[in-house]
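Next up, start-v4.pdb (PDB, C-alpha atoms):
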ATOM      1  CA  MET C   6     114.012 100.963  26.987
ATOM      2  CA  SER C   7     115.909  99.812  30.070
ATOM      3  CA  ARG C   8     118.283 102.331  31.579
ATOM      4  CA  PRO C   9     121.828 101.438  32.647
ATOM      5  CA  PRO C  10     122.624 101.620  36.364
ATOM      6  CA  THR C  11     124.541 104.441  37.976
ATOM      7  CA  PHE C  12     127.876 103.418  39.467
ATOM      8  CA  THR C  13     128.134 106.136  42.135
ATOM      9  CA  PRO C  14     126.924 104.920  45.555
ATOM     10  CA  PRO C  15     124.803 107.285  47.655
ATOM     11  CA  PRO C  16     126.130 108.639  50.987
ATOM     12  CA  CYS C  17     124.253 105.943  52.938
ATOM     13  CA  ALA C  18     126.318 103.160  51.317
ATOM     14  CA  ARG C  19     129.887 101.933  51.689
ATOM     15  CA  ALA C  20     131.744  99.827  49.138
ATOM     16  CA  LEU C  21     133.666  97.092  50.938
ATOM     17  CA  GLN C  22     134.750  93.475  50.904
ATOM     18  CA  LEU C  23     132.416  91.309  52.996
ATOM     19  CA  PRO C  24     134.359  88.493  54.703
ATOM     20  CA  THR C  25     132.497  85.173  54.739
ATOM     21  CA  GLY C  26     133.220  81.526  55.381
ATOM     22  CA  ARG C  27     133.576  81.091  51.619
ATOM     23  CA  GLY C  28     135.875  84.033  51.008
ATOM     24  CA  PRO C  29     135.348  87.773  50.529
ATOM     25  CA  PHE C  30     132.671  89.316  48.308
ATOM     26  CA  ALA C  31     132.459  92.886  47.020
ATOM     27  CA  VAL C  32     129.337  94.573  48.401
ATOM     28  CA  LEU C  33     127.586  97.878  48.797
ATOM     29  CA  ASP C  34     126.453  98.056  52.416
ATOM     30  CA  ALA C  35     123.764 100.728  52.920
ATOM     31  CA  ARG C  36     122.525 101.486  56.439
ATOM     32  CA  PRO C  37     119.690 103.629  57.766
ATOM     33  CA  GLU C  38     119.955 106.050  60.645
ATOM     34  CA  GLY C  39     119.191 104.287  63.893
ATOM     35  CA  THR C  40     118.420 100.616  64.373
ATOM     36  CA  PRO C  41     117.476  98.850  61.126
ATOM     37  CA  ARG C  42     114.035  97.281  60.837
ATOM     38  CA  GLY C  43     115.744  94.375  59.060
ATOM     39  CA  THR C  44     118.513  93.490  56.633
ATOM     40  CA  ALA C  45     118.134  92.658  52.943
ATOM     41  CA  LEU C  46     120.590  90.759  50.746
ATOM     42  CA  LEU C  47     120.355  91.629  47.027
ATOM     43  CA  LEU C  48     121.694  89.364  44.254
ATOM     44  CA  PRO C  49     122.235  90.713  40.705
ATOM     45  CA  GLY C  50     121.490  89.037  37.392
ATOM     46  CA  TYR C  51     123.536  87.614  34.542
ATOM     47  CA  THR C  52     126.270  90.093  33.433
ATOM     48  CA  GLY C  53     125.015  92.378  36.228
ATOM     49  CA  SER C  54     126.519  93.554  39.507
ATOM     50  CA  LYS C  55     125.687  95.150  42.836
ATOM     51  CA  GLU C  56     125.459  98.502  41.031
ATOM     52  CA  ASP C  57     122.146  97.383  39.526
ATOM     53  CA  PHE C  58     120.601  98.179  42.928
ATOM     54  CA  ILE C  59     122.323 101.523  43.648
ATOM     55  CA  ALA C  60     119.309 103.686  42.836
ATOM     56  CA  MET C  61     117.185 101.776  45.372
ATOM     57  CA  LEU C  62     119.596 102.076  48.307
ATOM     58  CA  GLU C  63     118.493 105.502  49.553
ATOM     59  CA  PRO C  64     114.736 104.826  49.460
ATOM     60  CA  LEU C  65     115.212 101.433  51.123
ATOM     61  CA  THR C  66     117.382 102.844  53.910
ATOM     62  CA  ALA C  67     114.887 105.702  54.288
ATOM     63  CA  ALA C  68     112.278 102.996  54.911
ATOM     64  CA  GLY C  69     114.466 101.733  57.759
ATOM     65  CA  TYR C  70     116.257  98.769  56.178
ATOM     66  CA  ARG C  71     119.906  97.863  55.951
ATOM     67  CA  VAL C  72     120.591  96.731  52.377
ATOM     68  CA  VAL C  73     123.601  94.725  51.210
ATOM     69  CA  ALA C  74     123.992  94.380  47.431
ATOM     70  CA  VAL C  75     126.498  91.723  46.379
ATOM     71  CA  ASP C  76     128.762  90.863  43.478
ATOM     72  CA  GLY C  77     128.649  87.063  43.313
ATOM     73  CA  ARG C  78     131.827  85.095  42.776
ATOM     74  CA  GLY C  79     133.363  85.994  39.447
ATOM     75  CA  GLN C  80     131.091  89.026  39.024
ATOM     76  CA  TYR C  81     132.713  92.435  38.557
ATOM     77  CA  GLU C  82     134.633  93.179  41.792
ATOM     78  CA  SER C  83     134.358  89.736  43.431
ATOM     79  CA  LYS C  84     137.188  87.480  42.374
ATOM     80  CA  GLY C  85     136.463  83.960  41.201
ATOM     81  CA  PRO C  86     138.342  80.935  39.883
ATOM     82  CA  ASP C  87     138.813  80.192  36.198
ATOM     83  CA  SER C  88     137.105  76.776  36.382
ATOM     84  CA  GLN C  89     133.462  76.579  35.316
ATOM     85  CA  ASP C  90     132.881  73.914  37.983
ATOM     86  CA  ALA C  91     133.348  76.609  40.626
ATOM     87  CA  TYR C  92     130.165  78.300  39.374
ATOM     88  CA  ALA C  93     127.816  75.344  39.647
ATOM     89  CA  GLN C  94     124.485  76.501  41.038
ATOM     90  CA  LYS C  95     124.972  74.593  44.291
ATOM     91  CA  GLU C  96     128.264  76.457  44.823
ATOM     92  CA  LEU C  97     126.649  79.827  44.189
ATOM     93  CA  ALA C  98     123.779  78.921  46.543
ATOM     94  CA  ALA C  99     126.312  78.015  49.233
ATOM     95  CA  ASP C 100     127.895  81.441  48.728
ATOM     96  CA  VAL C 101     124.520  83.079  49.394
ATOM     97  CA  LEU C 102     124.098  81.140  52.621
ATOM     98  CA  ALA C 103     127.576  82.301  53.693
ATOM     99  CA  GLN C 104     126.760  85.910  52.766
ATOM    100  CA  ALA C 105     123.534  85.781  54.783
ATOM    101  CA  ALA C 106     125.439  84.491  57.798
ATOM    102  CA  ALA C 107     128.064  87.216  57.402
ATOM    103  CA  VAL C 108     125.583  90.114  57.288
ATOM    104  CA  GLY C 109     123.548  88.645  60.151
ATOM    105  CA  ALA C 110     120.756  86.232  59.297
ATOM    106  CA  PRO C 111     117.811  86.129  59.112
ATOM    107  CA  VAL C 112     117.608  88.390  56.068
ATOM    108  CA  HIS C 113     115.180  89.383  53.355
ATOM    109  CA  LEU C 114     116.564  87.759  50.191
ATOM    110  CA  VAL C 115     116.124  89.436  46.791
ATOM    111  CA  GLY C 116     117.337  88.092  43.442
ATOM    112  CA  HIS C 117     117.100  89.715  40.024
ATOM    113  CA  SER C 118     116.918  87.422  36.963
ATOM    114  CA  LEU C 119     119.771  84.872  37.329
ATOM    115  CA  GLY C 120     120.107  86.095  40.914
ATOM    116  CA  GLY C 121     116.533  84.977  41.550
ATOM    117  CA  GLN C 122     117.275  81.427  40.475
ATOM    118  CA  ILE C 123     120.399  81.368  42.656
ATOM    119  CA  ALA C 124     118.337  82.780  45.539
ATOM    120  CA  ARG C 125     115.752  80.036  45.018
ATOM    121  CA  ALA C 126     118.491  77.390  45.127
ATOM    122  CA  ALA C 127     119.813  78.863  48.384
ATOM    123  CA  VAL C 128     116.349  78.781  49.962
ATOM    124  CA  LEU C 129     115.824  75.182  48.865
ATOM    125  CA  ALA C 130     119.209  74.234  50.320
ATOM    126  CA  ASP C 131     118.385  75.883  53.680
ATOM    127  CA  PRO C 132     115.402  78.212  54.220
ATOM    128  CA  GLU C 133     116.247  79.058  57.851
ATOM    129  CA  PRO C 134     118.417  82.159  57.168
ATOM    130  CA  PHE C 135     115.682  83.906  55.177
ATOM    131  CA  LEU C 136     112.699  85.978  56.329
ATOM    132  CA  THR C 137     111.280  86.488  52.825
ATOM    133  CA  LEU C 138     112.176  85.804  49.202
ATOM    134  CA  THR C 139     111.623  88.290  46.367
ATOM    135  CA  LEU C 140     112.141  87.223  42.757
ATOM    136  CA  ILE C 141     112.540  90.198  40.413
ATOM    137  CA  SER C 142     112.051  89.311  36.731
ATOM    138  CA  SER C 143     113.164  85.756  37.470
ATOM    139  CA  GLY C 144     111.111  82.926  36.045
ATOM    140  CA  PRO C 145     110.210  79.359  36.953
ATOM    141  CA  ALA C 146     112.596  77.555  34.599
ATOM    142  CA  ARG C 147     114.892  78.239  31.643
ATOM    143  CA  ILE C 148     114.903  81.505  29.737
ATOM    144  CA  ALA C 149     112.966  82.216  26.531
ATOM    145  CA  PRO C 150     114.272  80.817  23.198
ATOM    146  CA  SER C 151     115.499  84.204  21.919
ATOM    147  CA  GLN C 152     117.537  84.694  25.083
ATOM    148  CA  ARG C 153     118.895  81.147  24.941
ATOM    149  CA  GLU C 154     120.242  82.002  21.477
ATOM    150  CA  ARG C 155     121.951  85.128  22.812
ATOM    151  CA  VAL C 156     123.578  83.156  25.602
ATOM    152  CA  ARG C 157     124.700  80.506  23.100
ATOM    153  CA  LEU C 158     126.358  83.130  20.906
ATOM    154  CA  LEU C 159     128.122  84.673  23.895
ATOM    155  CA  SER C 160     129.361  81.294  25.123
ATOM    156  CA  GLU C 161     130.633  80.403  21.654
ATOM    157  CA  ALA C 162     132.469  83.707  21.423
ATOM    158  CA  LEU C 163     134.170  83.127  24.772
ATOM    159  CA  GLU C 164     134.847  79.404  24.540
ATOM    160  CA  LEU C 165     135.033  78.315  20.903
ATOM    161  CA  THR C 166     136.425  81.347  19.096
ATOM    162  CA  ARG C 167     138.684  82.262  22.043
ATOM    163  CA  MET C 168     137.723  85.921  21.820
ATOM    164  CA  ASP C 169     138.858  87.874  24.869
ATOM    165  CA  MET C 170     136.477  89.972  26.949
ATOM    166  CA  GLU C 171     137.517  93.200  25.234
ATOM    167  CA  GLN C 172     136.769  91.748  21.792
ATOM    168  CA  VAL C 173     133.398  90.425  22.932
ATOM    169  CA  TRP C 174     132.546  93.817  24.437
ATOM    170  CA  ALA C 175     133.322  95.516  21.138
ATOM    171  CA  GLY C 176     131.011  93.060  19.364
ATOM    172  CA  ILE C 177     128.193  93.668  21.851
ATOM    173  CA  ARG C 178     128.486  97.445  21.458
ATOM    174  CA  ALA C 179     128.496  97.142  17.668
ATOM    175  CA  MET C 180     125.159  95.302  17.772
ATOM    176  CA  ASP C 181     123.443  97.823  20.089
ATOM    177  CA  PRO C 182     121.076 100.386  18.601
ATOM    178  CA  PRO C 183     122.820 103.801  18.484
ATOM    179  CA  GLU C 184     120.552 105.270  21.176
ATOM    180  CA  GLU C 185     121.586 102.554  23.631
ATOM    181  CA  THR C 186     125.344 102.840  23.248
ATOM    182  CA  ASP C 187     125.966 105.646  25.745
ATOM    183  CA  ILE C 188     123.023 106.642  27.931
ATOM    184  CA  ASP C 189     124.131 109.332  30.413
ATOM    185  CA  GLY C 190     127.781 108.522  29.681
ATOM    186  CA  ALA C 191     127.408 105.007  31.109
ATOM    187  CA  SER C 192     129.507 103.149  28.522
ATOM    188  CA  ALA C 193     132.791 103.466  30.428
ATOM    189  CA  ASP C 194     131.254 102.068  33.621
ATOM    190  CA  LEU C 195     129.519  99.234  31.774
ATOM    191  CA  ARG C 196     132.729  98.357  29.931
ATOM    192  CA  ARG C 197     134.709  98.282  33.188
ATOM    193  CA  ARG C 198     132.113  96.014  34.749
ATOM    194  CA  TRP C 199     132.077  93.695  31.737
ATOM    195  CA  LEU C 200     135.875  93.359  31.804
ATOM    196  CA  GLY C 201     135.706  92.561  35.518
ATOM    197  CA  HIS C 202     133.561  89.471  34.970
ATOM    198  CA  ASN C 203     135.301  86.114  34.878
ATOM    199  CA  PRO C 204     134.546  84.403  31.528
ATOM    200  CA  ALA C 205     134.131  81.049  33.316
ATOM    201  CA  GLN C 206     131.362  82.586  35.417
ATOM    202  CA  LEU C 207     129.561  83.875  32.329
ATOM    203  CA  MET C 208     129.791  80.536  30.535
ATOM    204  CA  ALA C 209     128.711  78.448  33.534
ATOM    205  CA  THR C 210     125.818  80.648  34.659
ATOM    206  CA  GLY C 211     124.723  81.227  31.063
ATOM    207  CA  ARG C 212     124.354  77.484  30.640
ATOM    208  CA  GLN C 213     122.346  77.334  33.881
ATOM    209  CA  LEU C 214     119.889  79.853  32.475
ATOM    210  CA  THR C 215     119.336  77.694  29.389
ATOM    211  CA  VAL C 216     118.699  74.418  31.236
ATOM    212  CA  GLU C 217     117.172  75.411  34.601
ATOM    213  CA  PRO C 218     114.293  73.066  35.504
ATOM    214  CA  ASP C 219     110.964  74.187  36.915
ATOM    215  CA  ARG C 220     111.374  74.091  40.721
ATOM    216  CA  VAL C 221     108.265  76.068  41.630
ATOM    217  CA  ALA C 222     106.602  73.118  43.377
ATOM    218  CA  GLU C 223     109.697  72.646  45.554
ATOM    219  CA  LEU C 224     109.690  76.317  46.514
ATOM    220  CA  ALA C 225     105.947  76.289  47.193
ATOM    221  CA  ALA C 226     106.526  73.446  49.664
ATOM    222  CA  VAL C 227     108.825  75.604  51.844
ATOM    223  CA  ARG C 228     106.768  76.488  54.911
ATOM    224  CA  ASP C 229     106.418  79.943  56.462
ATOM    225  CA  LEU C 230     108.404  81.803  53.806
ATOM    226  CA  PRO C 231     106.562  84.786  52.250
ATOM    227  CA  VAL C 232     107.406  85.039  48.538
ATOM    228  CA  HIS C 233     107.104  88.063  46.285
ATOM    229  CA  VAL C 234     107.190  87.933  42.467
ATOM    230  CA  MET C 235     107.997  91.261  40.809
ATOM    231  CA  SER C 236     108.442  92.276  37.182
ATOM    232  CA  GLY C 237     108.011  95.080  34.716
ATOM    233  CA  VAL C 238     105.085  95.285  32.340
ATOM    234  CA  ARG C 239     107.130  93.611  29.594
ATOM    235  CA  ASP C 240     109.889  91.005  29.725
ATOM    236  CA  ASP C 241     111.712  89.252  26.885
ATOM    237  CA  THR C 242     113.569  86.850  29.190
ATOM    238  CA  TRP C 243     110.531  85.335  30.922
ATOM    239  CA  PRO C 244     107.177  86.491  29.500
ATOM    240  CA  VAL C 245     105.015  88.318  32.042
ATOM    241  CA  PRO C 246     102.125  85.769  31.826
ATOM    242  CA  LEU C 247     104.646  83.091  32.833
ATOM    243  CA  LEU C 248     105.599  85.144  35.888
ATOM    244  CA  ASP C 249     101.891  85.664  36.694
ATOM    245  CA  ASP C 250     101.385  81.902  36.637
ATOM    246  CA  MET C 251     104.466  81.284  38.778
ATOM    247  CA  ALA C 252     103.170  83.694  41.417
ATOM    248  CA  ARG C 253      99.823  81.909  41.410
ATOM    249  CA  ARG C 254     101.480  78.510  41.859
ATOM    250  CA  LEU C 255     103.550  79.885  44.741
ATOM    251  CA  GLY C 256     100.680  81.707  46.413
ATOM    252  CA  ALA C 257     103.015  84.690  46.241
ATOM    253  CA  ARG C 258     102.504  88.407  46.360
ATOM    254  CA  ARG C 259     102.590  89.761  42.788
ATOM    255  CA  THR C 260     103.761  93.250  41.803
ATOM    256  CA  VAL C 261     104.024  94.650  38.279
ATOM    257  CA  ILE C 262     106.061  97.864  38.084
ATOM    258  CA  GLU C 263     104.633 100.327  35.565
ATOM    259  CA  GLY C 264     107.174 101.831  33.196
ATOM    260  CA  ALA C 265     109.643  98.969  33.677
ATOM    261  CA  GLU C 266     110.819  96.016  31.613
ATOM    262  CA  HIS C 267     113.318  93.291  32.624
ATOM    263  CA  SER C 268     115.082  95.466  35.219
ATOM    264  CA  PRO C 269     112.562  97.328  37.401
ATOM    265  CA  ASN C 270     115.412  98.022  39.840
ATOM    266  CA  THR C 271     117.084 100.306  37.259
ATOM    267  CA  ASP C 272     114.063 101.289  35.138
ATOM    268  CA  GLN C 273     111.865 102.429  38.049
ATOM    269  CA  PRO C 274     113.924 102.305  41.272
ATOM    270  CA  PRO C 275     111.607 104.393  43.523
ATOM    271  CA  ARG C 276     108.543 102.299  42.636
ATOM    272  CA  THR C 277     110.490  99.058  42.985
ATOM    273  CA  ALA C 278     111.961 100.084  46.333
ATOM    274  CA  ALA C 279     108.514 101.092  47.623
ATOM    275  CA  ALA C 280     107.071  97.712  46.653
ATOM    276  CA  LEU C 281     109.948  95.869  48.324
ATOM    277  CA  SER C 282     109.788  97.790  51.597
ATOM    278  CA  ALA C 283     105.982  97.434  51.737
ATOM    279  CA  PHE C 284     106.363  93.664  51.352
ATOM    280  CA  TRP C 285     109.018  93.499  54.065
ATOM    281  CA  ASP C 286     106.923  95.689  56.367
ATOM    282  CA  GLU C 287     103.933  93.381  55.951
ATOM    283  CA  ALA C 288     106.024  90.256  56.465
ATOM    284  CA  GLY C 289     107.381  91.717  59.695
ATOM    285  CA  ARG C 290     103.983  92.430  61.259
ATOM    286  CA  PRO C 291     102.676  89.997  63.866
ATOM    287  CA  ARG C 292     100.013  87.693  62.440
ATOM    288  CA  GLY C 293      96.590  86.975  63.891
TER     289      GLY C 293
END

Let's see the structure in the file written out as structure tokens.
Amino acid sequence: MSRPPTFTPPPCARALQLPTGRGPFAVLDARPEGTPRGTALLLPGYTGSKEDFIAMLEPLTAAGYRVVAVDGRGQYESKGPDSQDAYAQKELAADVLAQAAAVGAPVHLVGHSLGGQIARAAVLADPEPFLTLTLISSGPARIAPSQRERVRLLSEALELTRMDMEQVWAGIRAMDPPEETDIDGASADLRRRWLGHNPAQLMATGRQLTVEPDRVAELAAVRDLPVHVMSGVRDDTWPVPLLDDMARRLGARRTVIEGAEHSPNTDQPPRTAAALSAFWDEAGRPRG
């Protein structure tokens, strides 16, 4: 069972608004002692937020890296417009390029789930700002049929029935198994995050997840960009064998995190952080 994220940042991190050429974004900016070995930009998944990476901030800064976890436009504490057009994938990719410039490119880019597909779009738009790309539980194309149905139901609730976010949240909680409704008292934090999301963002990005084409060949053609495909041992959104095949097609490093499912970053943060920093360390070594 996946665990919910903690919402309390560690001492190494500051919550702030990152100014960029495309407006401000809410971030958690975690810095190591001394000069960083590099900077990483972390993008959350659908219905997620920067808090999904909180438990990895201390081990990653201990490894010497500055880590900036971002709320994308319309996610939780980053404001966004009410038009779905504003959340087209090309717009979200342009936001990532602006975020990378603001934190000081080149950066190690990491995307979880939806965030991985947005990260891929940013790299394909302009690979220059990125040292590496890590895709965490983020597949080659659209999500699995069962997940497409869940997204369809959510979109219908928001758009066709005109339910507000509070009503939709109540429906989601009612469908959860009892043991998942309040793990470690997380319900209040999760509810606050849900209510912070812009419904237009959820509808637009949800549709993207259901129609995303396979762009693996395009990504494989990007020269001199080390790619890392990570996942748990089980994934209902993109089956693990599909992620194995994607890594093979990319010639990418492949890591499977034991004890994790769709969110290794919250299920097994120390193991996930160790795999990330090892990949960045290797990518930073001189070749030959």

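Using only C-alpha atoms, the nearest neighbour of Lys95 in chain C within the list C:Ile123, C:Ala45, C:Ala60, C:Leu158 is C:Ile123.
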
Exercise. Residues at most 9 Å from Gly121 in chain C, counting only C-alpha atoms, excluding those fewer than 6 positions away in the same chain, as a PyMOL selection string?
Worked result: chain C and resi 48-50+115+138-144

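The gap separating CA of Leu65 in chain C from CA of Val234 in chain C is 17.9 Å, in Å to one decimal.
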
For this session: Compare C:Thr271, C:Thr260, C:Gln152, C:Thr44 by their minimum atom-to-atom distance to Thr137 in chain C, counting all atoms listed in the file, and give me the closest one.
Result: C:Thr44

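Across the chains present, the PyMOL selection byres ((chain C and resi 101) around 9) applied to this file returns Leu46, Leu48, Gly77, Glu96, Leu97, Ala98, Ala99, Asp100, Leu102, Ala103, Gln104, Ala105, Ala106, Ile123, Ala124 and Ala127 of chain C.
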
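Among the candidates C:Thr52, C:Thr66, C:Thr215, C:Asn203, the residue lying nearest to Ala278 in chain C is C:Thr66 (atoms considered: only C-alpha atoms).
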
For this session: Quick one: apply the PyMOL selection byres ((chain C and resi 15) around 9) to the file and drop the selected residues here as a ChimeraX atom specification.
Result: /C:13-14,16-19,35,59-60,62-63

Problem set entry | Selection dump of the PyMOL selection byres ((chain C and resi 24) around 12), as number ranges by chain | C: 21-23, 25-32, 75, 83, 100, 103-108

Mind dumping the selected residues with C-alpha atoms as a PDB file, in the coordinates of the input?
ATOM      1  CA  LEU C  21     133.666  97.092  50.938  1.00  0.00           C
ATOM      2  CA  GLN C  22     134.750  93.475  50.904  1.00  0.00           C
ATOM      3  CA  LEU C  23     132.416  91.309  52.996  1.00  0.00           C
ATOM      4  CA  THR C  25     132.497  85.173  54.739  1.00  0.00           C
ATOM      5  CA  GLY C  26     133.220  81.526  55.381  1.00  0.00           C
ATOM      6  CA  ARG C  27     133.576  81.091  51.619  1.00  0.00           C
ATOM      7  CA  GLY C  28     135.875  84.033  51.008  1.00  0.00           C
ATOM      8  CA  PRO C  29     135.348  87.773  50.529  1.00  0.00           C
ATOM      9  CA  PHE C  30     132.671  89.316  48.308  1.00  0.00           C
ATOM     10  CA  ALA C  31     132.459  92.886  47.020  1.00  0.00           C
ATOM     11  CA  VAL C  32     129.337  94.573  48.401  1.00  0.00           C
ATOM     12  CA  VAL C  75     126.498  91.723  46.379  1.00  0.00           C
ATOM     13  CA  SER C  83     134.358  89.736  43.431  1.00  0.00           C
ATOM     14  CA  ASP C 100     127.895  81.441  48.728  1.00  0.00           C
ATOM     15  CA  ALA C 103     127.576  82.301  53.693  1.00  0.00           C
ATOM     16  CA  GLN C 104     126.760  85.910  52.766  1.00  0.00           C
ATOM     17  CA  ALA C 105     123.534  85.781  54.783  1.00  0.00           C
ATOM     18  CA  ALA C 106     125.439  84.491  57.798  1.00  0.00           C
ATOM     19  CA  ALA C 107     128.064  87.216  57.402  1.00  0.00           C
ATOM     20  CA  VAL C 108     125.583  90.114  57.288  1.00  0.00           C
TER      21      VAL C 108
END

Exercise. Contacts of Leu47 in chain C at 9 Å or less, counting all atoms listed in the file, minus same-chain residues fewer than 2 places along, as a ChimeraX atom specification?
Worked result: /C:45,49,55,58,72-75,113-117,120

For this session: Anything within 6 Å of (110.2, 95.1, 36.0): list those residues as number ranges by chain, counting all atoms listed in the file and sticking to the file's coordinates.
Result: C: 236-237, 262, 265-269

Step by step, gather every atom of range 221-239 of chain C that the file lists, find the box along x, y and z that holds them, add 8 Å on each side, and finally give centre and edge lengths in Å to one decimal, as lines of an AutoDock Vina configuration file.
center_x = 107.4
center_y = 84.0
center_z = 43.0
size_x = 20.6
size_y = 38.6
size_z = 42.9

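Residues in contact range of Leu255 in chain C, defined as at most 10 Å between all atoms listed in the file, with sequence neighbours fewer than 2 positions away removed, read C:Val221, C:Ala222, C:Glu223, C:Leu224, C:Ala225, C:Ala226, C:Val227, C:Pro231, C:Val232, C:His233, C:Val234, C:Asp250, C:Met251, C:Ala252, C:Arg253, C:Ala257, C:Arg258.
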
Exercise. Leaving out Tyr70 in chain C and any residue of its chain fewer than 6 positions from it, which residues lie within 7 Å of it when counting only C-alpha atoms, given as a list in words?
Worked result: Arg36, Pro37, Pro41, Arg42, Gly43 and Thr44 of chain C

Write a file of the just-selected residues containing C-alpha atoms, as a compact mmCIF listing (two decimals), keeping the file's coordinate frame.
# COMPACT_ATOMS: atom_id res chain seq x y z
CA ARG C 36 122.52 101.49 56.44
CA PRO C 37 119.69 103.63 57.77
CA PRO C 41 117.48 98.85 61.13
CA ARG C 42 114.04 97.28 60.84
CA GLY C 43 115.74 94.38 59.06
CA THR C 44 118.51 93.49 56.63

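Counting all atoms listed in the file and comparing C:Gly256, C:Arg239, C:Arg228, C:Gln206, the residue that lies closest to Gly85 in chain C is C:Gln206.
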